[in-house]
Amino acid sequence: MSDRPAISVDETYLEGIEKKVEDLKMIMEVSVIISSTLDFNELVTVVMEKAKKVMDAEACSILFYNKDTNKLEFEVALCKEESASEILKKTVTLDIGQGIAGWVAENLQPLVITDVKADKRFYQAADKQTGFVTKSIIAVPLVGRSGLIGVAEIINPKNKDFFSEYDSGIFQTLCRGVAIAIENARFHKESIEREKLRQELEIASSIQRSFLPESPTFHKNNITVSAINISAKHVGGDIYDFIEPSEDKVGVFIGDVSGKGISAALYMAKIISDLRYTSLGIDSPDVVMKRLNSNLSNAPRGMFLTATYIIADTVKGSLSIAVAGHPPFFLIGKGEVRVMDLPSGPPLGIMPVEYPVTMLELDKGDRILLLTDGAFDAKNKNGERIGFDSIARFVKSQSNRESLIQAVVDHVNDFSKGTERADDLTLVELRFDGAV
């Protein structure tokens with residue numbers, strides 16, 4: 001027999017040790033859950049269900065902070081009655097500073113409230129709407145690297161009157177891991193969405209480019225047309241097209257859709273389809289502009305198109321030109337460069353109107369350089385705009401260059417080096433090589 005004296009241990013003390021062991025196991029289990037999934041919805045629900053069960057609580061919730069509205073919104077609400085959970089998620093929001101959760105969010109400090117009826121911060125409207133009776137609550141701020149994520153709450157212990165400071169410590173330990181996990185899950189979700197968007201934009205860009213001419217160069221008889229189109233983003237709103245409305249004629253179109261991105265790209269696709277349909281067999285650019293303007297009259301609010309449409313006789317070099325609010329173009333020839341600011345109607349898609357026509361005769365070697373405002377609206381690192389006059393001076397200094405459009409693109413790129421392109425850039429050059 002052992003000579004060691006018998007040691008008696010208080011039963012309450014043993015129960016306390018057992019409780020702490022169980023709590024530690026719970027925290028470890030939650031850590032495993034947090035480490036095993038990046039599914040945002042699964043994560044927050046499973047973790048809060050585990051916390052509610054282990055802490056033997058009647059309810060628990062997570063309110064997320066919405067930066068756009070500056071409010072707290074119920075993302076997870078686990079109650080006995082499912083209808084109460086739905087009411088909270090659909091109808092209840094809190095301002096920062098409002099209610100216990102709002103106070104915790106504003107002060108970034110946890111609260112243990114043993115009797116909510118005695119606390120003036122308690123927001124009673126939620127209980128009134130759901131029929132739930134809140135008695136005791138622990139509220140803990142969820143804070144990540146980017147700041148406030150939200151507030152987690154555990155409500156009403158089942159087998160005692162109120163939560164203790166020990167319960168608060170356990171819940172805070174749990175919430176620190178939850179905050180990190182939520183932030184990681186959000187980042188993962190956003191990364192997937194960004195990648196999906198990138199792929200969709202690449203597809204959209206490919207589809208959009210399929211609407212442009214197959215080749216950026218067109219040649220017929222004595223006319224050669226070249227173009228460059230560079231989008232500020234994956235997709236853009238600049239347009240150019242080469243059209244053969246009739247024998248020995250070529251239509252050269254350049255346009256700039258208001259706005260950028262997907263909406264401008266979709267509108268651009270519609271415009272090119274309408275243009276090719278309305279221009280068939282029509283040698284008058286004003287008629288084409290009028291019909292196109294009519295087709296675009298039901299465009300979404302705020303969407304319109306500036307454009308220049310030239311129909312050139314590929315043998316004689318005579319041009320008929322209609323302009324719809326588009327920037328001037330350059331006429332290069334006879335040793336000089338002229339800025340051609342022609343009579344114009346308003347942009348397409350704004351109001352019914354007749355578009356004026358200007359006639360122009362080209363001599364052998366003359367060139368027309370058309371551009372969109374992406375050329376002269378480009379800015380440098382100091383925020384300075386290159387400006388139309390600067391582009392005009394550059395064109396005059398480079399008028400003998402064989403590839404004038406590439407020279408202008410290089411000039412704009414050099415000026416805006418180190419900055420993100422803010423607008424689409426399109427240039428079209430028409431050259432008349434004279435009678436055969």
# chains A, B, ... in the order shown; residues from 1 in each chain; ligands from 1
call {"tool": "select_by_dssp", "arguments": {"residues": "stretch 65-228 of chain A", "states": "strand (DSSP E)", "output": "PyMOL selection string"}}
result
chain A and resi 65-66+71-78+93-95+111-113+137-144+147-157+217-220+223-228
call {"tool": "residues_around", "arguments": {"residues": "A:Arg338", "least_positions_apart": "3", "cutoff": "9 Å", "atoms": "only C-alpha atoms", "output": "list in words"}}
result
Phe329, Phe330, Leu331, Ile332, Gly333, Ala392 and Lys396 of chain A
call {"tool": "write_last_selection", "arguments": {"atoms": "all heavy atoms", "output": "CSV table (one decimal), in the first residue's frame"}}
result
chain,number,residue,atom,x,y,z
A,329,PHE,N,-9.8,67.6,-87.4
A,329,PHE,CA,-8.7,66.7,-87.9
A,329,PHE,C,-7.7,67.5,-88.6
A,329,PHE,O,-7.8,68.8,-88.7
A,329,PHE,CB,-9.3,65.6,-88.8
A,329,PHE,CG,-10.0,66.1,-90.0
A,329,PHE,CD1,-9.3,66.4,-91.2
A,329,PHE,CD2,-11.4,66.3,-90.0
A,329,PHE,CE1,-10.0,66.9,-92.3
A,329,PHE,CE2,-12.1,66.8,-91.2
A,329,PHE,CZ,-11.4,67.1,-92.3
A,330,PHE,N,-6.6,66.9,-89.0
A,330,PHE,CA,-5.5,67.6,-89.7
A,330,PHE,C,-5.5,67.2,-91.2
A,330,PHE,O,-5.6,66.0,-91.6
A,330,PHE,CB,-4.2,67.2,-89.1
A,330,PHE,CG,-4.1,67.5,-87.6
A,330,PHE,CD1,-4.2,66.5,-86.6
A,330,PHE,CD2,-3.9,68.8,-87.2
A,330,PHE,CE1,-4.1,66.8,-85.3
A,330,PHE,CE2,-3.8,69.1,-85.8
A,330,PHE,CZ,-3.9,68.1,-84.9
A,331,LEU,N,-5.3,68.2,-92.0
A,331,LEU,CA,-5.0,68.0,-93.4
A,331,LEU,C,-3.5,68.3,-93.7
A,331,LEU,O,-3.1,69.5,-93.5
A,331,LEU,CB,-5.9,68.9,-94.3
A,331,LEU,CG,-5.6,69.0,-95.8
A,331,LEU,CD1,-5.7,67.6,-96.4
A,331,LEU,CD2,-6.5,70.0,-96.5
A,332,ILE,N,-2.8,67.3,-94.2
A,332,ILE,CA,-1.4,67.5,-94.4
A,332,ILE,C,-1.1,67.4,-95.8
A,332,ILE,O,-1.4,66.4,-96.5
A,332,ILE,CB,-0.6,66.4,-93.6
A,332,ILE,CG1,-0.9,66.4,-92.1
A,332,ILE,CG2,0.9,66.5,-93.8
A,332,ILE,CD1,-1.6,65.1,-91.6
A,333,GLY,N,-0.5,68.5,-96.4
A,333,GLY,CA,-0.2,68.5,-97.8
A,333,GLY,C,0.4,69.9,-98.2
A,333,GLY,O,0.2,70.9,-97.5
A,392,ALA,N,-1.0,69.4,-82.4
A,392,ALA,CA,-0.9,70.1,-83.7
A,392,ALA,C,0.5,70.5,-84.1
A,392,ALA,O,1.0,70.3,-85.2
A,392,ALA,CB,-1.8,71.3,-83.7
A,396,LYS,N,2.8,69.0,-87.2
A,396,LYS,CA,3.5,69.9,-88.2
A,396,LYS,C,5.0,69.5,-88.3
A,396,LYS,O,5.5,69.6,-89.3
A,396,LYS,CB,3.3,71.3,-87.8
A,396,LYS,CG,1.8,71.8,-88.0
A,396,LYS,CD,1.6,73.2,-87.5
A,396,LYS,CE,0.2,73.6,-87.7
A,396,LYS,NZ,-0.1,75.0,-87.2
call {"tool": "closest_residue", "arguments": {"among": "A:Gly383, A:Leu427, A:Lys160, A:Ser246", "to": "A:Asn229", "atoms": "only C-alpha atoms"}}
result
A:Leu427
call {"tool": "residues_around", "arguments": {"residues": "A:Phe388", "least_positions_apart": "4", "cutoff": "9 Å", "atoms": "only C-alpha atoms", "output": "PyMOL selection string"}}
result
chain A and resi 373+375-377+392-393
call {"tool": "write_last_selection", "arguments": {"atoms": "C-alpha atoms", "output": "CSV table (one decimal), in the first residue's frame"}}
result
chain,number,residue,atom,x,y,z
A,373,ASP,CA,-9.7,63.1,-77.6
A,375,ALA,CA,-4.6,61.9,-77.9
A,376,PHE,CA,-4.8,65.4,-76.5
A,377,ASP,CA,-6.4,64.6,-73.1
A,392,ALA,CA,-0.9,70.1,-83.7
A,393,ARG,CA,2.6,71.4,-83.4
call {"tool": "closest_residue", "arguments": {"among": "A:Glu429, A:Glu183, A:Glu336, A:Asp424", "to": "A:Glu402", "atoms": "only C-alpha atoms"}}
result
A:Glu429
call {"tool": "residues_around", "arguments": {"residues": "A:Leu348", "least_positions_apart": "4", "cutoff": "9 Å", "atoms": "only C-alpha atoms", "output": "PyMOL selection string"}}
result
chain A and resi 289-290+292-294+296-297+304-307+324-325+352
call {"tool": "write_last_selection", "arguments": {"atoms": "N, CA, C and O atoms", "output": "mmCIF file, in the first residue's frame"}}
result
data_model
loop_
_atom_site.group_PDB
_atom_site.id
_atom_site.type_symbol
_atom_site.label_atom_id
_atom_site.label_comp_id
_atom_site.auth_asym_id
_atom_site.auth_seq_id
_atom_site.Cartn_x
_atom_site.Cartn_y
_atom_site.Cartn_z
ATOM 1 N N MET A 289 -25.274 59.667 -91.165
ATOM 2 C CA MET A 289 -25.262 60.240 -89.809
ATOM 3 C C MET A 289 -26.681 60.432 -89.287
ATOM 4 O O MET A 289 -26.960 60.146 -88.109
ATOM 5 N N LYS A 290 -27.566 60.910 -90.130
ATOM 6 C CA LYS A 290 -28.948 61.150 -89.696
ATOM 7 C C LYS A 290 -29.627 59.833 -89.306
ATOM 8 O O LYS A 290 -30.322 59.760 -88.285
ATOM 9 N N LEU A 292 -28.138 57.009 -88.442
ATOM 10 C CA LEU A 292 -27.476 56.470 -87.246
ATOM 11 C C LEU A 292 -27.934 57.222 -86.001
ATOM 12 O O LEU A 292 -28.173 56.621 -84.951
ATOM 13 N N ASN A 293 -28.077 58.527 -86.121
ATOM 14 C CA ASN A 293 -28.560 59.341 -85.008
ATOM 15 C C ASN A 293 -29.960 58.911 -84.580
ATOM 16 O O ASN A 293 -30.272 58.823 -83.384
ATOM 17 N N SER A 294 -30.798 58.607 -85.554
ATOM 18 C CA SER A 294 -32.159 58.148 -85.253
ATOM 19 C C SER A 294 -32.139 56.793 -84.551
ATOM 20 O O SER A 294 -32.883 56.564 -83.584
ATOM 21 N N LEU A 296 -29.890 55.696 -82.631
ATOM 22 C CA LEU A 296 -29.320 55.832 -81.293
ATOM 23 C C LEU A 296 -30.154 56.721 -80.382
ATOM 24 O O LEU A 296 -29.752 57.010 -79.257
ATOM 25 N N SER A 297 -31.321 57.138 -80.852
ATOM 26 C CA SER A 297 -32.140 58.075 -80.067
ATOM 27 C C SER A 297 -32.670 57.469 -78.779
ATOM 28 O O SER A 297 -32.993 58.190 -77.832
ATOM 29 N N PHE A 304 -23.813 58.804 -75.614
ATOM 30 C CA PHE A 304 -23.851 59.444 -76.923
ATOM 31 C C PHE A 304 -22.532 59.170 -77.635
ATOM 32 O O PHE A 304 -21.628 58.535 -77.081
ATOM 33 N N LEU A 305 -22.421 59.655 -78.871
ATOM 34 C CA LEU A 305 -21.251 59.349 -79.687
ATOM 35 C C LEU A 305 -20.834 60.573 -80.486
ATOM 36 O O LEU A 305 -21.653 61.159 -81.201
ATOM 37 N N THR A 306 -19.581 60.981 -80.352
ATOM 38 C CA THR A 306 -19.016 61.965 -81.269
ATOM 39 C C THR A 306 -18.410 61.193 -82.441
ATOM 40 O O THR A 306 -17.883 60.091 -82.249
ATOM 41 N N ALA A 307 -18.524 61.753 -83.655
ATOM 42 C CA ALA A 307 -18.065 60.996 -84.817
ATOM 43 C C ALA A 307 -17.748 61.911 -85.995
ATOM 44 O O ALA A 307 -18.278 63.022 -86.101
ATOM 45 N N ALA A 324 -20.153 64.989 -86.273
ATOM 46 C CA ALA A 324 -21.114 65.010 -85.162
ATOM 47 C C ALA A 324 -20.364 65.266 -83.854
ATOM 48 O O ALA A 324 -20.073 64.341 -83.107
ATOM 49 N N GLY A 325 -20.035 66.523 -83.618
ATOM 50 C CA GLY A 325 -19.412 66.908 -82.344
ATOM 51 C C GLY A 325 -18.025 66.356 -82.106
ATOM 52 O O GLY A 325 -17.547 66.360 -80.974
ATOM 53 N N PRO A 352 -32.787 64.905 -82.721
ATOM 54 C CA PRO A 352 -32.923 64.852 -84.172
ATOM 55 C C PRO A 352 -32.326 66.110 -84.792
ATOM 56 O O PRO A 352 -32.563 67.222 -84.318
#
call {"tool": "residues_around", "arguments": {"residues": "A:Asn156", "least_positions_apart": "2", "cutoff": "8 Å", "atoms": "only C-alpha atoms", "output": "list in words"}}
result
Ala57, Glu58, Ala59, Thr134, Lys135, Ser136, Ile137, Ile154, Lys158, Asp161, Phe162 and Phe163 of chain A
call {"tool": "write_last_selection", "arguments": {"atoms": "N, CA and C atoms", "output": "PDB file, in the first residue's frame"}}
result
ATOM      1  N   ALA A  57     -25.450  28.924 -25.264  1.00  0.00           N
ATOM      2  CA  ALA A  57     -26.187  30.186 -25.373  1.00  0.00           C
ATOM      3  C   ALA A  57     -27.451  30.001 -26.195  1.00  0.00           C
ATOM      4  N   GLU A  58     -28.400  30.912 -25.971  1.00  0.00           N
ATOM      5  CA  GLU A  58     -29.653  30.839 -26.713  1.00  0.00           C
ATOM      6  C   GLU A  58     -29.507  31.350 -28.143  1.00  0.00           C
ATOM      7  N   ALA A  59     -28.611  32.301 -28.331  1.00  0.00           N
ATOM      8  CA  ALA A  59     -28.477  32.892 -29.658  1.00  0.00           C
ATOM      9  C   ALA A  59     -27.092  33.500 -29.831  1.00  0.00           C
ATOM     10  N   THR A 134     -33.759  39.466 -24.998  1.00  0.00           N
ATOM     11  CA  THR A 134     -32.333  39.501 -24.676  1.00  0.00           C
ATOM     12  C   THR A 134     -32.161  39.823 -23.193  1.00  0.00           C
ATOM     13  N   LYS A 135     -31.334  39.038 -22.499  1.00  0.00           N
ATOM     14  CA  LYS A 135     -31.110  39.258 -21.068  1.00  0.00           C
ATOM     15  C   LYS A 135     -29.649  39.642 -20.796  1.00  0.00           C
ATOM     16  N   SER A 136     -28.742  38.797 -21.239  1.00  0.00           N
ATOM     17  CA  SER A 136     -27.313  39.026 -21.023  1.00  0.00           C
ATOM     18  C   SER A 136     -26.582  38.852 -22.343  1.00  0.00           C
ATOM     19  N   ILE A 137     -25.522  39.616 -22.527  1.00  0.00           N
ATOM     20  CA  ILE A 137     -24.878  39.602 -23.834  1.00  0.00           C
ATOM     21  C   ILE A 137     -23.382  39.881 -23.713  1.00  0.00           C
ATOM     22  N   ILE A 154     -22.777  37.021 -28.443  1.00  0.00           N
ATOM     23  CA  ILE A 154     -23.308  35.774 -27.899  1.00  0.00           C
ATOM     24  C   ILE A 154     -24.329  36.180 -26.846  1.00  0.00           C
ATOM     25  N   LYS A 158     -27.874  29.601 -21.176  1.00  0.00           N
ATOM     26  CA  LYS A 158     -29.071  28.829 -20.854  1.00  0.00           C
ATOM     27  C   LYS A 158     -29.142  28.416 -19.384  1.00  0.00           C
ATOM     28  N   ASP A 161     -27.679  32.953 -15.014  1.00  0.00           N
ATOM     29  CA  ASP A 161     -28.358  34.231 -15.234  1.00  0.00           C
ATOM     30  C   ASP A 161     -27.618  35.156 -16.194  1.00  0.00           C
ATOM     31  N   PHE A 162     -26.314  35.091 -16.188  1.00  0.00           N
ATOM     32  CA  PHE A 162     -25.554  36.015 -17.035  1.00  0.00           C
ATOM     33  C   PHE A 162     -24.181  35.435 -17.359  1.00  0.00           C
ATOM     34  N   PHE A 163     -23.550  36.050 -18.400  1.00  0.00           N
ATOM     35  CA  PHE A 163     -22.199  35.642 -18.784  1.00  0.00           C
ATOM     36  C   PHE A 163     -21.185  36.239 -17.814  1.00  0.00           C
TER      37      PHE A 163
END
call {"tool": "select_by_dssp", "arguments": {"residues": "stretch 52-230 of chain A", "states": "alpha helix (DSSP H)", "output": "PyMOL selection string"}}
result
chain A and resi 52-54+82-91+99-107+125-130+165-211
call {"tool": "residues_around", "arguments": {"residues": "A:Thr314", "least_positions_apart": "6", "cutoff": "12 Å", "atoms": "only C-alpha atoms", "output": "list in words"}}
result
Phe218, His219, Lys220, Asn221, Asn222, Ile223, Thr224, Val225, Glu244, Pro245, Ser246, Glu247, Asp248, Lys249, Val250, Gly251, Val252, Glu361, Leu362, Lys364, Leu430, Arg431, Phe432, Asp433, Gly434, Ala435 and Val436 of chain A
call {"tool": "closest_residue", "arguments": {"among": "A:Lys71, A:Lys50, A:Lys379, A:Arg401", "to": "A:Gly150", "atoms": "only C-alpha atoms"}}
result
A:Lys71
call {"tool": "residues_around", "arguments": {"residues": "A:Leu94", "least_positions_apart": "4", "cutoff": "7 Å", "atoms": "only C-alpha atoms", "output": "short mmCIF file (atom, residue, chain, number, x, y, z; two decimals) with C-alpha atoms, in the first residue's frame"}}
result
data_model
loop_
_atom_site.label_atom_id
_atom_site.label_comp_id
_atom_site.auth_asym_id
_atom_site.auth_seq_id
_atom_site.Cartn_x
_atom_site.Cartn_y
_atom_site.Cartn_z
CA LYS A 71 -24.02 50.84 -40.72
CA LEU A 72 -23.92 47.43 -39.05
CA GLU A 73 -25.91 44.71 -40.82
CA GLN A 98 -26.31 52.79 -31.82
CA GLY A 102 -22.91 50.07 -32.30
#
call {"tool": "atom_distance", "arguments": {"atom1": "atom CA of A:Ala77", "atom2": "atom CA of A:Leu174"}}
result
17.1 Å
